[in-house]
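A.B. asks: What follows is the file coords.tsv, containing TSV, C-alpha atoms:
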```tsv
chain	number	residue	atom	x	y	z
A	895	ARG	CA	-18.51	-51.10	92.77
A	896	LYS	CA	-15.82	-51.41	90.10
A	897	GLU	CA	-13.19	-48.69	89.95
A	898	VAL	CA	-13.87	-48.05	86.25
A	899	GLU	CA	-17.29	-48.80	84.82
A	900	GLN	CA	-18.42	-48.92	81.21
A	901	ASP	CA	-21.60	-49.98	79.47
A	902	PRO	CA	-20.58	-53.35	77.94
A	903	GLY	CA	-22.92	-52.92	74.95
A	904	PRO	CA	-22.87	-54.22	72.34
A	905	PHE	CA	-23.66	-51.14	70.34
A	906	ASN	CA	-24.90	-52.06	66.87
A	907	VAL	CA	-24.89	-49.05	64.54
A	908	PRO	CA	-25.08	-48.50	60.78
A	909	GLU	CA	-22.20	-47.00	58.85
A	910	GLY	CA	-22.19	-43.24	59.09
A	911	ALA	CA	-23.85	-43.13	62.49
A	912	THR	CA	-22.59	-41.16	65.48
A	913	VAL	CA	-22.07	-43.21	68.63
A	914	ALA	CA	-21.08	-42.16	72.15
A	915	PHE	CA	-19.51	-44.22	74.93
A	916	ASN	CA	-19.36	-43.26	78.58
A	917	CYS	CA	-17.15	-44.33	81.43
A	918	THR	CA	-17.17	-43.48	85.13
A	919	TYR	CA	-14.33	-43.86	87.61
A	920	SER	CA	-14.43	-43.98	91.38
A	921	ASN	CA	-11.07	-42.54	92.48
A	922	SER	CA	-11.26	-38.76	92.52
A	923	ALA	CA	-7.45	-38.59	92.72
A	924	SER	CA	-6.93	-40.34	89.36
A	925	GLN	CA	-4.40	-38.47	87.27
A	926	SER	CA	-4.51	-39.55	83.64
A	927	PHE	CA	-7.08	-41.00	81.34
A	928	PHE	CA	-7.11	-42.79	78.00
A	929	TRP	CA	-9.26	-44.62	75.51
A	930	TYR	CA	-7.76	-47.79	74.04
A	931	ARG	CA	-9.14	-49.89	71.24
A	932	GLN	CA	-8.91	-53.69	71.22
A	933	ASP	CA	-9.71	-55.85	68.22
A	934	CYS	CA	-10.71	-59.47	68.69
A	935	ARG	CA	-7.75	-61.59	69.89
A	936	LYS	CA	-5.38	-58.63	69.58
A	937	GLU	CA	-3.63	-56.42	72.10
A	938	PRO	CA	-5.05	-53.05	73.19
A	939	LYS	CA	-3.83	-50.03	71.24
A	940	LEU	CA	-4.02	-46.39	72.25
A	941	LEU	CA	-6.85	-44.50	70.60
A	942	MET	CA	-6.41	-41.19	72.38
A	943	SER	CA	-5.57	-39.50	75.64
A	944	VAL	CA	-8.35	-37.65	77.45
A	945	TYR	CA	-8.04	-34.14	78.86
A	946	SER	CA	-10.40	-31.83	80.72
A	947	SER	CA	-10.23	-29.42	77.81
A	948	GLY	CA	-11.36	-32.17	75.49
A	949	ASN	CA	-9.48	-33.40	72.49
A	950	GLU	CA	-10.36	-34.34	68.98
A	951	ASP	CA	-8.63	-36.58	66.46
A	952	GLY	CA	-10.44	-36.75	63.17
A	953	ARG	CA	-13.78	-38.45	63.75
A	954	PHE	CA	-13.03	-39.11	67.43
A	955	THR	CA	-13.64	-36.72	70.32
A	956	ALA	CA	-12.82	-37.48	73.95
A	957	GLN	CA	-13.87	-35.51	77.01
A	958	LEU	CA	-13.10	-35.64	80.72
A	959	ASN	CA	-15.36	-34.27	83.44
A	960	ARG	CA	-13.40	-34.40	86.70
A	961	ALA	CA	-16.25	-33.07	88.82
A	962	SER	CA	-18.52	-35.91	87.75
A	963	GLN	CA	-15.67	-38.43	87.36
A	964	TYR	CA	-16.86	-39.19	83.89
A	965	ILE	CA	-15.09	-39.81	80.57
A	966	SER	CA	-16.68	-39.91	77.15
A	967	LEU	CA	-15.78	-40.92	73.63
A	968	LEU	CA	-17.71	-39.76	70.57
A	969	ILE	CA	-17.26	-41.40	67.17
A	970	ARG	CA	-18.73	-39.58	64.19
A	971	ASP	CA	-19.39	-41.03	60.72
A	972	SER	CA	-18.76	-44.61	61.88
A	973	LYS	CA	-16.83	-46.91	59.58
A	974	LEU	CA	-16.94	-50.69	59.36
A	975	SER	CA	-13.33	-50.65	60.58
A	976	ASP	CA	-14.40	-48.98	63.84
A	977	SER	CA	-15.89	-52.30	64.96
A	978	ALA	CA	-13.90	-53.21	68.08
A	979	THR	CA	-13.97	-53.09	71.87
A	980	TYR	CA	-13.27	-49.67	73.38
A	981	LEU	CA	-11.52	-49.67	76.74
A	982	CYS	CA	-11.61	-46.78	79.19
A	983	VAL	CA	-8.35	-46.51	81.15
A	984	VAL	CA	-7.50	-44.60	84.34
A	985	ASN	CA	-4.09	-44.20	85.99
A	986	ASN	CA	-3.90	-43.89	89.78
A	987	GLU	CA	-0.58	-42.83	91.28
A	988	ASN	CA	-0.49	-42.21	95.01
A	989	THR	CA	1.52	-43.01	98.09
A	990	GLY	CA	0.03	-46.49	98.01
A	991	GLY	CA	1.39	-47.32	94.62
A	992	PHE	CA	0.89	-47.15	90.89
A	993	LYS	CA	-2.06	-48.80	89.26
A	994	THR	CA	-3.60	-48.70	85.80
A	995	ILE	CA	-7.27	-49.62	85.80
A	996	PHE	CA	-9.09	-50.75	82.66
A	997	GLY	CA	-12.83	-50.85	82.25
A	998	ALA	CA	-14.35	-54.06	80.97
A	999	GLY	CA	-14.82	-52.48	77.55
A	1000	THR	CA	-17.70	-51.47	75.31
A	1001	ARG	CA	-18.22	-53.53	72.18
A	1002	LEU	CA	-19.10	-51.72	68.97
A	1003	PHE	CA	-20.38	-53.33	65.80
A	1004	VAL	CA	-20.70	-51.11	62.74
A	1005	LYS	CA	-22.75	-52.69	59.97
A	1006	ALA	CA	-23.07	-51.82	56.30
B	1359	GLY	CA	11.00	-50.03	65.10
B	1360	ALA	CA	10.47	-53.15	67.17
B	1361	GLY	CA	7.51	-53.14	69.48
B	1362	VAL	CA	6.92	-55.05	72.68
B	1363	SER	CA	7.43	-58.76	72.22
B	1364	GLN	CA	6.27	-61.62	74.41
B	1365	SER	CA	7.10	-65.31	74.47
B	1366	PRO	CA	5.78	-67.86	74.28
B	1367	ARG	CA	2.69	-66.74	72.40
B	1368	TYR	CA	0.81	-69.83	73.55
B	1369	LYS	CA	1.39	-72.06	76.54
B	1370	VAL	CA	-0.48	-75.16	77.64
B	1371	ALA	CA	0.35	-76.30	81.15
B	1372	LYS	CA	-0.83	-79.12	83.33
B	1373	ARG	CA	-2.31	-78.11	86.65
B	1374	GLY	CA	0.49	-77.84	89.19
B	1375	GLN	CA	3.19	-77.04	86.63
B	1376	ASP	CA	5.31	-73.88	86.89
B	1377	VAL	CA	5.39	-71.48	83.93
B	1378	ALA	CA	7.55	-68.49	82.98
B	1379	LEU	CA	6.36	-65.79	80.62
B	1380	ARG	CA	8.81	-63.38	79.04
B	1381	CYS	CA	8.39	-59.76	78.00
B	1382	ASP	CA	10.83	-57.71	75.91
B	1383	PRO	CA	9.79	-54.06	76.15
B	1384	ILE	CA	10.56	-51.38	73.61
B	1385	SER	CA	14.23	-50.49	73.95
B	1386	GLY	CA	14.78	-47.63	76.36
B	1387	HIS	CA	11.34	-47.77	77.92
B	1388	VAL	CA	11.48	-47.10	81.62
B	1389	SER	CA	8.10	-48.42	82.70
B	1390	LEU	CA	6.82	-51.97	82.33
B	1391	PHE	CA	3.42	-53.38	83.24
B	1392	TRP	CA	1.90	-56.86	83.42
B	1393	TYR	CA	-1.82	-57.53	83.03
B	1394	GLN	CA	-4.10	-60.55	83.09
B	1395	GLN	CA	-7.04	-60.57	80.69
B	1396	ALA	CA	-9.86	-63.08	80.97
B	1397	LEU	CA	-12.23	-63.69	78.08
B	1398	GLY	CA	-14.70	-60.86	77.66
B	1399	GLN	CA	-13.04	-58.67	80.29
B	1400	GLY	CA	-10.68	-55.75	80.26
B	1401	PRO	CA	-7.04	-56.24	81.26
B	1402	GLU	CA	-6.52	-56.51	85.03
B	1403	PHE	CA	-3.41	-54.84	86.44
B	1404	LEU	CA	-0.90	-57.21	88.01
B	1405	THR	CA	2.31	-55.28	88.61
B	1406	TYR	CA	4.39	-52.24	87.61
B	1407	PHE	CA	8.15	-51.75	87.24
B	1408	GLN	CA	10.09	-48.54	86.88
B	1409	ASN	CA	13.45	-49.69	85.57
B	1410	GLU	CA	14.36	-52.64	87.79
B	1411	ALA	CA	12.26	-51.50	90.75
B	1412	GLN	CA	8.89	-53.17	91.27
B	1413	LEU	CA	6.87	-50.22	92.52
B	1414	ASP	CA	3.48	-51.89	92.69
B	1415	LYS	CA	2.59	-55.58	92.89
B	1416	SER	CA	-0.81	-55.15	94.43
B	1417	GLY	CA	-2.57	-56.83	91.51
B	1418	LEU	CA	-0.77	-60.16	91.76
B	1419	PRO	CA	-3.59	-62.56	92.70
B	1420	SER	CA	-1.61	-64.83	95.01
B	1421	ASP	CA	1.88	-65.63	96.19
B	1422	ARG	CA	2.11	-68.13	93.34
B	1423	PHE	CA	2.67	-65.16	91.03
B	1424	PHE	CA	6.07	-63.52	90.89
B	1425	ALA	CA	7.53	-60.95	88.50
B	1426	GLU	CA	11.03	-59.62	88.04
B	1427	ARG	CA	12.95	-57.21	85.85
B	1428	PRO	CA	16.50	-57.57	87.17
B	1429	GLU	CA	18.34	-55.35	84.68
B	1430	GLY	CA	15.57	-52.91	83.93
B	1431	SER	CA	14.76	-54.28	80.49
B	1432	VAL	CA	13.44	-57.83	79.97
B	1433	SER	CA	10.83	-58.98	82.47
B	1434	THR	CA	9.60	-62.42	83.47
B	1435	LEU	CA	6.27	-63.30	85.04
B	1436	LYS	CA	6.41	-66.63	86.82
B	1437	ILE	CA	3.41	-68.61	87.96
B	1438	GLN	CA	4.04	-71.49	90.30
B	1439	ARG	CA	1.76	-74.51	90.73
B	1440	THR	CA	-0.63	-73.31	88.03
B	1441	GLN	CA	-4.36	-73.65	88.58
B	1442	GLN	CA	-7.17	-73.74	86.03
B	1443	GLU	CA	-8.27	-70.25	87.08
B	1444	ASP	CA	-4.88	-68.95	85.90
B	1445	SER	CA	-5.95	-69.59	82.29
B	1446	ALA	CA	-6.00	-66.18	80.61
B	1447	VAL	CA	-4.06	-63.92	78.28
B	1448	TYR	CA	-1.10	-62.28	79.99
B	1449	LEU	CA	-0.27	-58.90	78.49
B	1450	CYS	CA	2.88	-56.89	78.93
B	1451	ALA	CA	3.09	-53.18	78.19
B	1452	SER	CA	5.88	-50.61	78.32
B	1453	SER	CA	6.01	-46.83	78.31
B	1454	LEU	CA	8.86	-44.49	77.56
B	1455	GLY	CA	8.90	-42.49	80.73
B	1456	GLN	CA	7.25	-42.71	84.05
B	1457	PHE	CA	3.92	-44.07	85.05
B	1458	GLN	CA	1.42	-41.70	83.46
B	1459	GLU	CA	2.45	-42.05	79.82
B	1460	THR	CA	1.00	-44.01	76.92
B	1461	GLN	CA	1.46	-47.75	77.22
B	1462	TYR	CA	2.40	-49.94	74.27
B	1463	PHE	CA	1.25	-53.52	74.49
B	1464	GLY	CA	2.77	-56.77	73.37
B	1465	PRO	CA	0.68	-59.46	71.65
B	1466	GLY	CA	0.20	-61.38	74.87
B	1467	THR	CA	0.77	-64.94	76.00
B	1468	ARG	CA	-2.29	-67.18	75.97
B	1469	LEU	CA	-2.03	-69.57	78.91
B	1470	LEU	CA	-4.27	-72.60	79.16
B	1471	VAL	CA	-4.05	-74.70	82.29
B	1472	LEU	CA	-5.55	-78.17	81.98
```
Rewrite the coordinates I just gave you, this time as structure tokens.
C.D. replies:
Amino acid sequence: RKEVEQDPGPFNVPEGATVAFNCTYSNSASQSFFWYRQDCRKEPKLLMSVYSSGNEDGRFTAQLNRASQYISLLIRDSKLSDSATYLCVVNNENTGGFKTIFGAGTRLFVKA
Amino acid sequence: GAGVSQSPRYKVAKRGQDVALRCDPISGHVSLFWYQQALGQGPEFLTYFQNEAQLDKSGLPSDRFFAERPEGSVSTLKIQRTQQEDSAVYLCASSLGQFQETQYFGPGTRLLVL
């Protein structure tokens, strides 16, 4: 089992739709969580950090459920420019070392 | 301000050749990470530096891979005796403080081993 798992998609949605992505992680001791966005042939860029209390940035809402080891991202009112791959990221810091684990990514296509 | 830069942007190597990939992190950033990204996959962690100390190298796939950051700023990832399976994009990222903070990525080096 992979340490961070995401549905690879692709998700094909019309403009204006609401779309939700999920991610599960296996290490219950993981400390910090993020969603990154990666456009084709570009580097990943931070979309938002994820907290247990949930956080919202405009049309984007992220949520962490530590008990279920589950992270979500909700995109409302999708725009064409939201088309990208969304990467779930987990940081594990313990006596064994420091490791950042990326999911394989979920591809989103928003069509007019 | 200047972001993370990497050089070369593209590298073609013959199988068995040694390569060196350079990363210039954002000035003042303490933490530096290297990743390997294959086509259609997420970045795979290779190694982590805090200043000049390499605190985790558990992701390096073999002893042909070596990374250093001798003065706590610029880092080099070296791959010896390259193999075709080493073909990938190598990403470098830096963060201002310690391990848990937001990482800022460079554009990557695309390595093709023939």
A.B. asks: Just want the 8 Å neighbourhood of range 1368-1379 of chain B, counted on all atoms listed in the file, with same-chain residues fewer than 2 positions away dropped. Output as a list in words.
C.D. replies: Gln1364, Ser1365, Pro1366, Cys1381, Thr1434, Leu1435, Lys1436, Ile1437, Gln1438, Arg1439, Thr1440, Gln1441, Gln1442, Thr1467, Arg1468, Leu1469, Leu1470, Val1471 and Leu1472 of chain B
A.B. asks: Using only C-alpha atoms, I'd like every residue of chain B that has an atom within 12 Å of chain A; please write them out as a PDB file with C-alpha atoms, keeping the file's coordinate frame.
C.D. replies:
```
ATOM      1  CA  GLY B1361       7.510 -53.140  69.480  1.00  0.00           C
ATOM      2  CA  VAL B1362       6.920 -55.050  72.680  1.00  0.00           C
ATOM      3  CA  SER B1363       7.430 -58.760  72.220  1.00  0.00           C
ATOM      4  CA  GLN B1364       6.270 -61.620  74.410  1.00  0.00           C
ATOM      5  CA  ARG B1367       2.690 -66.740  72.400  1.00  0.00           C
ATOM      6  CA  SER B1389       8.100 -48.420  82.700  1.00  0.00           C
ATOM      7  CA  LEU B1390       6.820 -51.970  82.330  1.00  0.00           C
ATOM      8  CA  PHE B1391       3.420 -53.380  83.240  1.00  0.00           C
ATOM      9  CA  TRP B1392       1.900 -56.860  83.420  1.00  0.00           C
ATOM     10  CA  TYR B1393      -1.820 -57.530  83.030  1.00  0.00           C
ATOM     11  CA  GLN B1394      -4.100 -60.550  83.090  1.00  0.00           C
ATOM     12  CA  GLN B1395      -7.040 -60.570  80.690  1.00  0.00           C
ATOM     13  CA  ALA B1396      -9.860 -63.080  80.970  1.00  0.00           C
ATOM     14  CA  LEU B1397     -12.230 -63.690  78.080  1.00  0.00           C
ATOM     15  CA  GLY B1398     -14.700 -60.860  77.660  1.00  0.00           C
ATOM     16  CA  GLN B1399     -13.040 -58.670  80.290  1.00  0.00           C
ATOM     17  CA  GLY B1400     -10.680 -55.750  80.260  1.00  0.00           C
ATOM     18  CA  PRO B1401      -7.040 -56.240  81.260  1.00  0.00           C
ATOM     19  CA  GLU B1402      -6.520 -56.510  85.030  1.00  0.00           C
ATOM     20  CA  PHE B1403      -3.410 -54.840  86.440  1.00  0.00           C
ATOM     21  CA  LEU B1404      -0.900 -57.210  88.010  1.00  0.00           C
ATOM     22  CA  THR B1405       2.310 -55.280  88.610  1.00  0.00           C
ATOM     23  CA  TYR B1406       4.390 -52.240  87.610  1.00  0.00           C
ATOM     24  CA  PHE B1407       8.150 -51.750  87.240  1.00  0.00           C
ATOM     25  CA  GLN B1408      10.090 -48.540  86.880  1.00  0.00           C
ATOM     26  CA  GLN B1412       8.890 -53.170  91.270  1.00  0.00           C
ATOM     27  CA  LEU B1413       6.870 -50.220  92.520  1.00  0.00           C
ATOM     28  CA  ASP B1414       3.480 -51.890  92.690  1.00  0.00           C
ATOM     29  CA  LYS B1415       2.590 -55.580  92.890  1.00  0.00           C
ATOM     30  CA  SER B1416      -0.810 -55.150  94.430  1.00  0.00           C
ATOM     31  CA  GLY B1417      -2.570 -56.830  91.510  1.00  0.00           C
ATOM     32  CA  LEU B1418      -0.770 -60.160  91.760  1.00  0.00           C
ATOM     33  CA  ALA B1446      -6.000 -66.180  80.610  1.00  0.00           C
ATOM     34  CA  VAL B1447      -4.060 -63.920  78.280  1.00  0.00           C
ATOM     35  CA  TYR B1448      -1.100 -62.280  79.990  1.00  0.00           C
ATOM     36  CA  LEU B1449      -0.270 -58.900  78.490  1.00  0.00           C
ATOM     37  CA  CYS B1450       2.880 -56.890  78.930  1.00  0.00           C
ATOM     38  CA  ALA B1451       3.090 -53.180  78.190  1.00  0.00           C
ATOM     39  CA  SER B1453       6.010 -46.830  78.310  1.00  0.00           C
ATOM     40  CA  GLN B1456       7.250 -42.710  84.050  1.00  0.00           C
ATOM     41  CA  PHE B1457       3.920 -44.070  85.050  1.00  0.00           C
ATOM     42  CA  GLN B1458       1.420 -41.700  83.460  1.00  0.00           C
ATOM     43  CA  GLU B1459       2.450 -42.050  79.820  1.00  0.00           C
ATOM     44  CA  THR B1460       1.000 -44.010  76.920  1.00  0.00           C
ATOM     45  CA  GLN B1461       1.460 -47.750  77.220  1.00  0.00           C
ATOM     46  CA  TYR B1462       2.400 -49.940  74.270  1.00  0.00           C
ATOM     47  CA  PHE B1463       1.250 -53.520  74.490  1.00  0.00           C
ATOM     48  CA  GLY B1464       2.770 -56.770  73.370  1.00  0.00           C
ATOM     49  CA  PRO B1465       0.680 -59.460  71.650  1.00  0.00           C
ATOM     50  CA  GLY B1466       0.200 -61.380  74.870  1.00  0.00           C
ATOM     51  CA  THR B1467       0.770 -64.940  76.000  1.00  0.00           C
ATOM     52  CA  ARG B1468      -2.290 -67.180  75.970  1.00  0.00           C
TER      53      ARG B1468
END
```
A.B. asks: Between CA of Thr912 in chain A and CA of Glu950 in chain A, what distance in Å does the model show, to one decimal?
C.D. replies: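 Atom-to-atom, CA of Thr912 in chain A to CA of Glu950 in chain A, that is 14.4 Å.
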A.B. asks: So how far away is CA of Asp933 in chain A from CA of Ser975 in chain A, in Å?
C.D. replies: 9.9 Å
A.B. asks: Using CA of Ala961 in chain A and CA of Ser947 in chain A as the two end points, give the distance in Å to one decimal.
C.D. replies: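 Separating CA of Ala961 in chain A from CA of Ser947 in chain A is a distance of 13.1 Å.
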A.B. asks: Let me make sure I understand: among B:Ser1452, B:Phe1423, B:Glu1443, B:Ser1433, which one has the smallest atom-to-atom distance to His1387 in chain B if we use all atoms listed in the file?
C.D. replies: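 Checking each of B:Ser1452, B:Phe1423, B:Glu1443, B:Ser1433 against His1387 in chain B, counting all atoms listed in the file, the winner is B:Ser1452.
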A.B. asks: Would you kindly return, as JSON, numbers by chain, each protein, DNA or RNA residue with an atom no farther than 6 Å from any atom of range 915-917 of chain A, considering only C-alpha atoms and excluding same-chain residues fewer than 5 positions away?
C.D. replies: {"A": [899, 900, 964, 965, 966, 967]}
A.B. asks: Between B:Pro1419, B:Leu1454, B:Gly1386, B:Asp1444, which has the minimum distance to Ser1431 in chain B (counting only C-alpha atoms)?
C.D. replies: B:Gly1386
A.B. asks: I need the residue nearest Arg970 in chain A from this list: A:Gly910, A:Arg931, A:Lys1005, A:Asn949. Use all atoms listed in the file for the distance.
C.D. replies: A:Gly910
A.B. asks: Using the structure just given, write a file holding C-alpha atoms for range 925-971 of chain A, as a JSON list (two decimals), in the first residue's frame.
C.D. replies:
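Written out: out.json:
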```json
[["chain", "number", "residue", "atom", "x", "y", "z"],
["A", 925, "GLN", "CA", 2.55, 16.10, 11.11],
["A", 926, "SER", "CA", 1.72, 18.48, 8.28],
["A", 927, "PHE", "CA", -0.37, 18.35, 5.17],
["A", 928, "PHE", "CA", -0.67, 20.33, 1.95],
["A", 929, "TRP", "CA", -2.30, 20.46, -1.44],
["A", 930, "TYR", "CA", -0.03, 21.41, -4.33],
["A", 931, "ARG", "CA", -1.02, 22.13, -7.89],
["A", 932, "GLN", "CA", 1.10, 21.07, -10.87],
["A", 933, "ASP", "CA", 0.51, 22.24, -14.41],
["A", 934, "CYS", "CA", 1.76, 20.18, -17.34],
["A", 935, "ARG", "CA", 5.58, 20.25, -17.55],
["A", 936, "LYS", "CA", 5.80, 22.75, -14.69],
["A", 937, "GLU", "CA", 6.93, 22.49, -11.10],
["A", 938, "PRO", "CA", 4.48, 21.93, -8.22],
["A", 939, "LYS", "CA", 3.19, 25.05, -6.50],
["A", 940, "LEU", "CA", 1.52, 25.32, -3.12],
["A", 941, "LEU", "CA", -2.24, 25.60, -3.29],
["A", 942, "MET", "CA", -2.96, 25.52, 0.43],
["A", 943, "SER", "CA", -2.00, 24.04, 3.75],
["A", 944, "VAL", "CA", -4.47, 21.67, 5.42],
["A", 945, "TYR", "CA", -5.53, 21.87, 9.05],
["A", 946, "SER", "CA", -7.89, 19.86, 11.23],
["A", 947, "SER", "CA", -10.04, 22.94, 11.64],
["A", 948, "GLY", "CA", -10.34, 23.22, 7.89],
["A", 949, "ASN", "CA", -9.31, 26.18, 5.84],
["A", 950, "GLU", "CA", -10.77, 28.08, 2.97],
["A", 951, "ASP", "CA", -9.18, 30.27, 0.33],
["A", 952, "GLY", "CA", -11.68, 31.73, -2.08],
["A", 953, "ARG", "CA", -13.21, 28.88, -4.06],
["A", 954, "PHE", "CA", -10.96, 26.27, -2.41],
["A", 955, "THR", "CA", -11.63, 24.47, 0.87],
["A", 956, "ALA", "CA", -9.30, 21.91, 2.43],
["A", 957, "GLN", "CA", -10.03, 19.60, 5.34],
["A", 958, "LEU", "CA", -8.04, 17.14, 7.43],
["A", 959, "ASN", "CA", -9.53, 14.23, 9.34],
["A", 960, "ARG", "CA", -6.77, 12.79, 11.52],
["A", 961, "ALA", "CA", -8.91, 9.98, 12.92],
["A", 962, "SER", "CA", -9.61, 8.64, 9.45],
["A", 963, "GLN", "CA", -6.23, 9.73, 8.02],
["A", 964, "TYR", "CA", -8.01, 11.49, 5.23],
["A", 965, "ILE", "CA", -7.50, 14.83, 3.46],
["A", 966, "SER", "CA", -9.92, 16.52, 1.11],
["A", 967, "LEU", "CA", -9.96, 19.41, -1.32],
["A", 968, "LEU", "CA", -13.15, 21.04, -2.57],
["A", 969, "ILE", "CA", -13.17, 23.38, -5.56],
["A", 970, "ARG", "CA", -16.32, 25.41, -6.11],
["A", 971, "ASP", "CA", -17.33, 27.25, -9.31]]
```
